[in-house]
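> Take a look at final16.cif, mmCIF, C-alpha atoms:
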```
data_run
loop_
_atom_site.group_PDB
_atom_site.id
_atom_site.type_symbol
_atom_site.label_atom_id
_atom_site.label_comp_id
_atom_site.auth_asym_id
_atom_site.auth_seq_id
_atom_site.Cartn_x
_atom_site.Cartn_y
_atom_site.Cartn_z
ATOM 1 C CA VAL A 6 -8.271 -1.481 -2.259
ATOM 2 C CA GLY A 7 -11.346 -1.977 -4.368
ATOM 3 C CA ALA A 8 -13.848 0.621 -5.487
ATOM 4 C CA VAL A 9 -17.424 1.049 -6.628
ATOM 5 C CA THR A 10 -17.480 3.851 -9.191
ATOM 6 C CA GLN A 11 -21.048 3.872 -10.442
ATOM 7 C CA GLY A 12 -22.862 7.156 -10.830
ATOM 8 C CA PRO A 13 -21.304 10.549 -10.131
ATOM 9 C CA PRO A 14 -17.992 10.716 -8.206
ATOM 10 C CA SER A 15 -19.823 11.853 -5.057
ATOM 11 C CA ASP A 16 -21.380 8.346 -4.942
ATOM 12 C CA TRP A 17 -18.097 6.460 -5.415
ATOM 13 C CA ARG A 18 -16.768 4.339 -2.524
ATOM 14 C CA ALA A 19 -13.467 2.600 -1.755
ATOM 15 C CA TYR A 20 -13.019 -0.569 0.297
ATOM 16 C CA VAL A 21 -9.735 -1.548 1.909
ATOM 17 C CA LEU A 22 -9.493 -5.294 1.316
ATOM 18 C CA GLY A 23 -6.194 -6.054 2.997
ATOM 19 C CA ASP A 24 -2.616 -5.108 3.760
ATOM 20 C CA ALA A 25 0.052 -7.115 1.946
ATOM 21 C CA THR A 26 3.054 -5.380 3.518
ATOM 22 C CA VAL A 27 6.231 -7.480 3.539
ATOM 23 C CA ARG A 28 8.917 -6.789 6.144
ATOM 24 C CA ALA A 29 12.616 -7.364 5.489
ATOM 25 C CA GLY A 30 11.971 -9.289 2.299
ATOM 26 C CA SER A 31 14.030 -9.451 -0.841
ATOM 27 C CA PRO A 32 12.778 -7.654 -3.948
ATOM 28 C CA SER A 33 11.399 -10.926 -5.299
ATOM 29 C CA ASP A 34 9.603 -11.520 -1.963
ATOM 30 C CA TRP A 35 7.730 -8.203 -2.111
ATOM 31 C CA ALA A 36 7.051 -8.599 -5.823
ATOM 32 C CA ARG A 37 5.529 -12.057 -5.264
ATOM 33 C CA ALA A 38 3.479 -10.730 -2.329
ATOM 34 C CA ALA A 39 2.137 -7.875 -4.473
ATOM 35 C CA LEU A 40 1.252 -10.199 -7.349
ATOM 36 C CA ALA A 41 -0.363 -12.712 -4.971
ATOM 37 C CA ALA A 42 -2.505 -9.947 -3.414
ATOM 38 C CA MET A 43 -3.450 -8.803 -6.886
ATOM 39 C CA ALA A 44 -4.546 -12.318 -7.856
ATOM 40 C CA ARG A 45 -6.315 -12.916 -4.529
ATOM 41 C CA HIS A 46 -8.498 -9.831 -4.993
ATOM 42 C CA GLY A 47 -8.917 -9.953 -8.764
ATOM 43 C CA ALA A 48 -7.191 -6.586 -9.188
ATOM 44 C CA GLU A 49 -7.088 -4.961 -12.602
ATOM 45 C CA ARG A 50 -3.616 -3.453 -12.210
ATOM 46 C CA LEU A 51 -0.674 -3.044 -9.898
ATOM 47 C CA VAL A 52 0.399 0.480 -8.976
ATOM 48 C CA ALA A 53 3.730 1.253 -7.355
ATOM 49 C CA GLU A 54 5.483 4.401 -6.183
ATOM 50 C CA VAL A 55 8.883 4.445 -7.848
ATOM 51 C CA ASN A 56 10.512 7.602 -6.473
ATOM 52 C CA GLN A 57 13.253 5.705 -4.652
ATOM 53 C CA GLY A 58 13.092 2.382 -6.489
ATOM 54 C CA GLY A 59 13.066 3.770 -10.017
ATOM 55 C CA ASP A 60 12.985 1.126 -12.703
ATOM 56 C CA LEU A 61 13.886 -1.586 -10.176
ATOM 57 C CA VAL A 62 10.263 -2.011 -9.075
ATOM 58 C CA GLU A 63 8.921 -2.675 -12.544
ATOM 59 C CA SER A 64 11.928 -4.775 -13.493
ATOM 60 C CA VAL A 65 11.464 -7.134 -10.525
ATOM 61 C CA ILE A 66 7.698 -7.367 -11.070
ATOM 62 C CA ARG A 67 8.188 -8.125 -14.777
ATOM 63 C CA GLN A 68 10.737 -10.879 -14.017
ATOM 64 C CA ILE A 69 7.948 -12.730 -12.221
ATOM 65 C CA ASP A 70 5.002 -11.701 -14.432
ATOM 66 C CA PRO A 71 5.979 -9.925 -17.650
ATOM 67 C CA LEU A 72 2.351 -9.257 -18.637
ATOM 68 C CA VAL A 73 0.974 -7.804 -15.405
ATOM 69 C CA PRO A 74 -0.919 -4.517 -15.894
ATOM 70 C CA TYR A 75 1.388 -2.077 -14.100
ATOM 71 C CA LYS A 76 1.476 1.657 -13.472
ATOM 72 C CA ALA A 77 4.449 3.517 -12.019
ATOM 73 C CA LEU A 78 3.597 6.500 -9.812
ATOM 74 C CA ARG A 79 5.953 9.324 -8.881
ATOM 75 C CA ALA A 80 5.341 11.464 -5.825
ATOM 76 C CA SER A 81 5.651 15.176 -6.403
ATOM 77 C CA ARG A 82 4.258 16.193 -3.003
ATOM 78 C CA GLY A 83 4.958 15.066 0.539
ATOM 79 C CA LYS A 84 3.095 12.167 2.127
ATOM 80 C CA SER A 85 0.914 14.421 4.304
ATOM 81 C CA LEU A 86 -0.232 16.523 1.359
ATOM 82 C CA ARG A 87 -0.962 13.400 -0.698
ATOM 83 C CA ALA A 88 -2.958 11.947 2.192
ATOM 84 C CA GLU A 89 -5.236 14.982 2.720
ATOM 85 C CA PRO A 90 -7.766 14.216 -0.055
ATOM 86 C CA VAL A 91 -7.933 10.588 1.081
ATOM 87 C CA ALA A 92 -8.474 11.697 4.698
ATOM 88 C CA ALA A 93 -11.369 13.838 3.441
ATOM 89 C CA LEU A 94 -12.919 10.762 1.800
ATOM 90 C CA TYR A 95 -12.641 8.920 5.128
ATOM 91 C CA GLU A 96 -14.359 11.848 6.873
ATOM 92 C CA GLN A 97 -17.190 11.619 4.346
ATOM 93 C CA GLY A 98 -17.586 7.893 5.063
ATOM 94 C CA ARG A 99 -16.553 6.994 1.516
ATOM 95 C CA VAL A 100 -13.687 4.642 2.474
ATOM 96 C CA LYS A 101 -14.350 1.533 4.567
ATOM 97 C CA HIS A 102 -12.132 -1.215 5.975
ATOM 98 C CA LEU A 103 -13.549 -4.677 5.280
ATOM 99 C CA LYS A 104 -11.198 -6.769 7.385
ATOM 100 C CA ALA A 105 -10.371 -6.797 11.062
ATOM 101 C CA GLU A 106 -6.713 -7.690 10.310
ATOM 102 C CA LEU A 107 -5.777 -4.129 9.397
ATOM 103 C CA GLY A 108 -4.433 -3.188 12.832
ATOM 104 C CA ALA A 109 -0.895 -2.356 11.671
ATOM 105 C CA LEU A 110 -2.269 -0.096 8.927
ATOM 106 C CA GLU A 111 -4.693 1.584 11.316
ATOM 107 C CA ASP A 112 -1.888 2.093 13.863
ATOM 108 C CA GLN A 113 0.031 4.043 11.219
ATOM 109 C CA MET A 114 -3.075 5.975 10.185
ATOM 110 C CA VAL A 115 -3.619 7.404 13.675
ATOM 111 C CA GLN A 116 -0.021 8.618 13.718
ATOM 112 C CA MET A 117 -0.503 10.798 10.621
ATOM 113 C CA SER A 118 -1.097 14.499 11.157
ATOM 114 C CA VAL A 119 -0.897 17.713 9.185
ATOM 115 C CA ARG A 120 2.721 17.908 10.390
ATOM 116 C CA GLY A 121 3.497 14.503 8.910
ATOM 117 C CA PHE A 122 4.001 11.026 10.311
ATOM 118 C CA GLU A 123 4.534 11.136 14.059
ATOM 119 C CA GLY A 124 5.468 7.484 14.474
ATOM 120 C CA ARG A 125 8.700 5.571 14.124
ATOM 121 C CA GLY A 126 9.957 4.420 10.759
ATOM 122 C CA SER A 127 8.055 4.979 7.543
ATOM 123 C CA PRO A 128 4.286 5.157 7.073
ATOM 124 C CA ASP A 129 4.649 2.634 4.239
ATOM 125 C CA ARG A 130 1.239 1.037 4.776
ATOM 126 C CA VAL A 131 -0.557 4.395 4.825
ATOM 127 C CA ASP A 132 1.344 5.527 1.758
ATOM 128 C CA ALA A 133 0.260 2.417 -0.171
ATOM 129 C CA LEU A 134 -3.340 2.998 0.908
ATOM 130 C CA VAL A 135 -3.205 6.652 -0.177
ATOM 131 C CA TRP A 136 -1.849 5.728 -3.621
ATOM 132 C CA ALA A 137 -4.515 3.054 -4.087
ATOM 133 C CA VAL A 138 -7.436 5.312 -3.123
ATOM 134 C CA HIS A 139 -5.973 8.122 -5.216
ATOM 135 C CA GLU A 140 -5.788 5.896 -8.294
ATOM 136 C CA LEU A 141 -9.279 4.438 -7.806
ATOM 137 C CA LEU A 142 -11.304 7.489 -6.745
ATOM 138 C CA ILE A 143 -9.452 10.794 -6.906
ATOM 139 C CA GLU A 144 -7.670 10.522 -10.254
ATOM 140 C CA PRO A 145 -10.697 9.187 -12.216
ATOM 141 C CA ALA A 146 -12.982 11.791 -10.611
ATOM 142 C CA SER A 147 -10.755 14.586 -11.908
ATOM 143 C CA SER A 148 -11.592 13.625 -15.490
ATOM 144 C CA TYR A 149 -15.236 12.702 -14.867
ATOM 145 C CA ARG A 150 -17.646 14.428 -17.214
ATOM 146 C CA ARG A 151 -21.151 14.953 -15.966
ATOM 147 C CA PRO A 152 -23.854 13.881 -18.364
ATOM 148 C CA GLN A 153 -25.009 16.862 -20.407
ATOM 149 C CA MET A 154 -28.514 17.575 -21.583
ATOM 150 C CA ARG A 155 -28.974 19.216 -24.945
ATOM 151 C CA SER A 156 -32.121 20.967 -25.971
ATOM 152 C CA LEU A 157 -33.421 20.731 -29.480
#
```
Show how you would write the structure in this file as structure tokens.

Amino acid sequence: VGAVTQGPPSDWRAYVLGDATVRAGSPSDWARAALAAMARHGAERLVAEVNQGGDLVESVIRQIDPLVPYKALRASRGKSLRAEPVAALYEQGRVKHLKAELGALEDQMVQMSVRGFEGRGSPDRVDALVWAVHELLIEPASSYRRPQMRSL
């Protein structure tokens, strides 16, 4: 996911550039896929949810690229609650998909509801999307300071 964050947060937009999901790969396979996607899109940092992987995720990434800008994220709320602010951004037209090859991601997206994921397996693709949009738009907007005007 990439973002344009010029002006006030209400003008910010996110663009889904691709889905680099790896199925049934070894840890080094998914780490290489993540780093390749990062390089392909000129990403500034790699973010990863580490609730179940703990230090393993960073350790495997660092074995391949010890200097990669990396941020570990820990979920404190369920997937549906985390997805709600991102769903609101979609409703506002502030998140767009740039590629037609996002069918597997979009299939998972339509199976999300307020009750949770109603599909089979894990909504891993949606979860990655939610984390990315959260890190690019929602988190920075929470600390955004509007320009102030002072009178003399």
> Quick check on the file I pasted: which residues fall under the PyMOL selection byres ((chain A and resi 87) around 12)? Write them as a count of residues only.
29
> Go through A:Pro145, A:Pro74, A:Gly23, A:Gly12 and flag the residue nearest Glu49 (chain A), using all atoms listed in the file for the distances.
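Looking at the shortest contact to Glu49 (chain A), the residue is A:Pro74.
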> Which is closest to Arg99 (chain A) among A:Leu142, A:Ser148, A:Asn56, A:Ala77, if we use only C-alpha atoms?
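The shortest atom-to-atom distance to Arg99 (chain A) comes from A:Leu142.
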> So which residues get picked by the PyMOL selection byres ((chain A and resi 61-67) around 10) here, written as a PyMOL selection string?
chain A and resi 32-37+39-40+51-60+68-77
> Mind telling me what the PyMOL selection byres ((chain A and resi 20) around 12) catches here, as a PyMOL selection string?
chain A and resi 6-10+17-19+21-24+46+94-95+98-104+134+137-138+141-142
> Quick one: pull the distance between CA of Ala38 (chain A) and CA of Ala146 (chain A), Å, one decimal.
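Here the two named atoms are 29.1 Å from each other.
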> Go through A:Ala25, A:Pro14, A:Gly30, A:Phe122 one by one, measure the shortest atom-to-atom distance of each to Glu106 (chain A) using only C-alpha atoms, and give the residue with the smallest value.
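Once distances to Glu106 (chain A) are computed over only C-alpha atoms, the minimum belongs to A:Ala25.
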> Suppose you want the space between CA of Pro13 (chain A) and CA of Leu78 (chain A); what is it in Å?
25.2 Å
> Suppose you want the space between CA of Glu123 (chain A) and CA of Ala109 (chain A); what is it in Å?
14.7 Å
> Closest to Arg28 (chain A) among A:Arg130, A:Arg120, A:Arg45, A:Arg125, using all atoms listed in the file?
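Comparing A:Arg130, A:Arg120, A:Arg45, A:Arg125 against Arg28 (chain A), the winner is A:Arg130.
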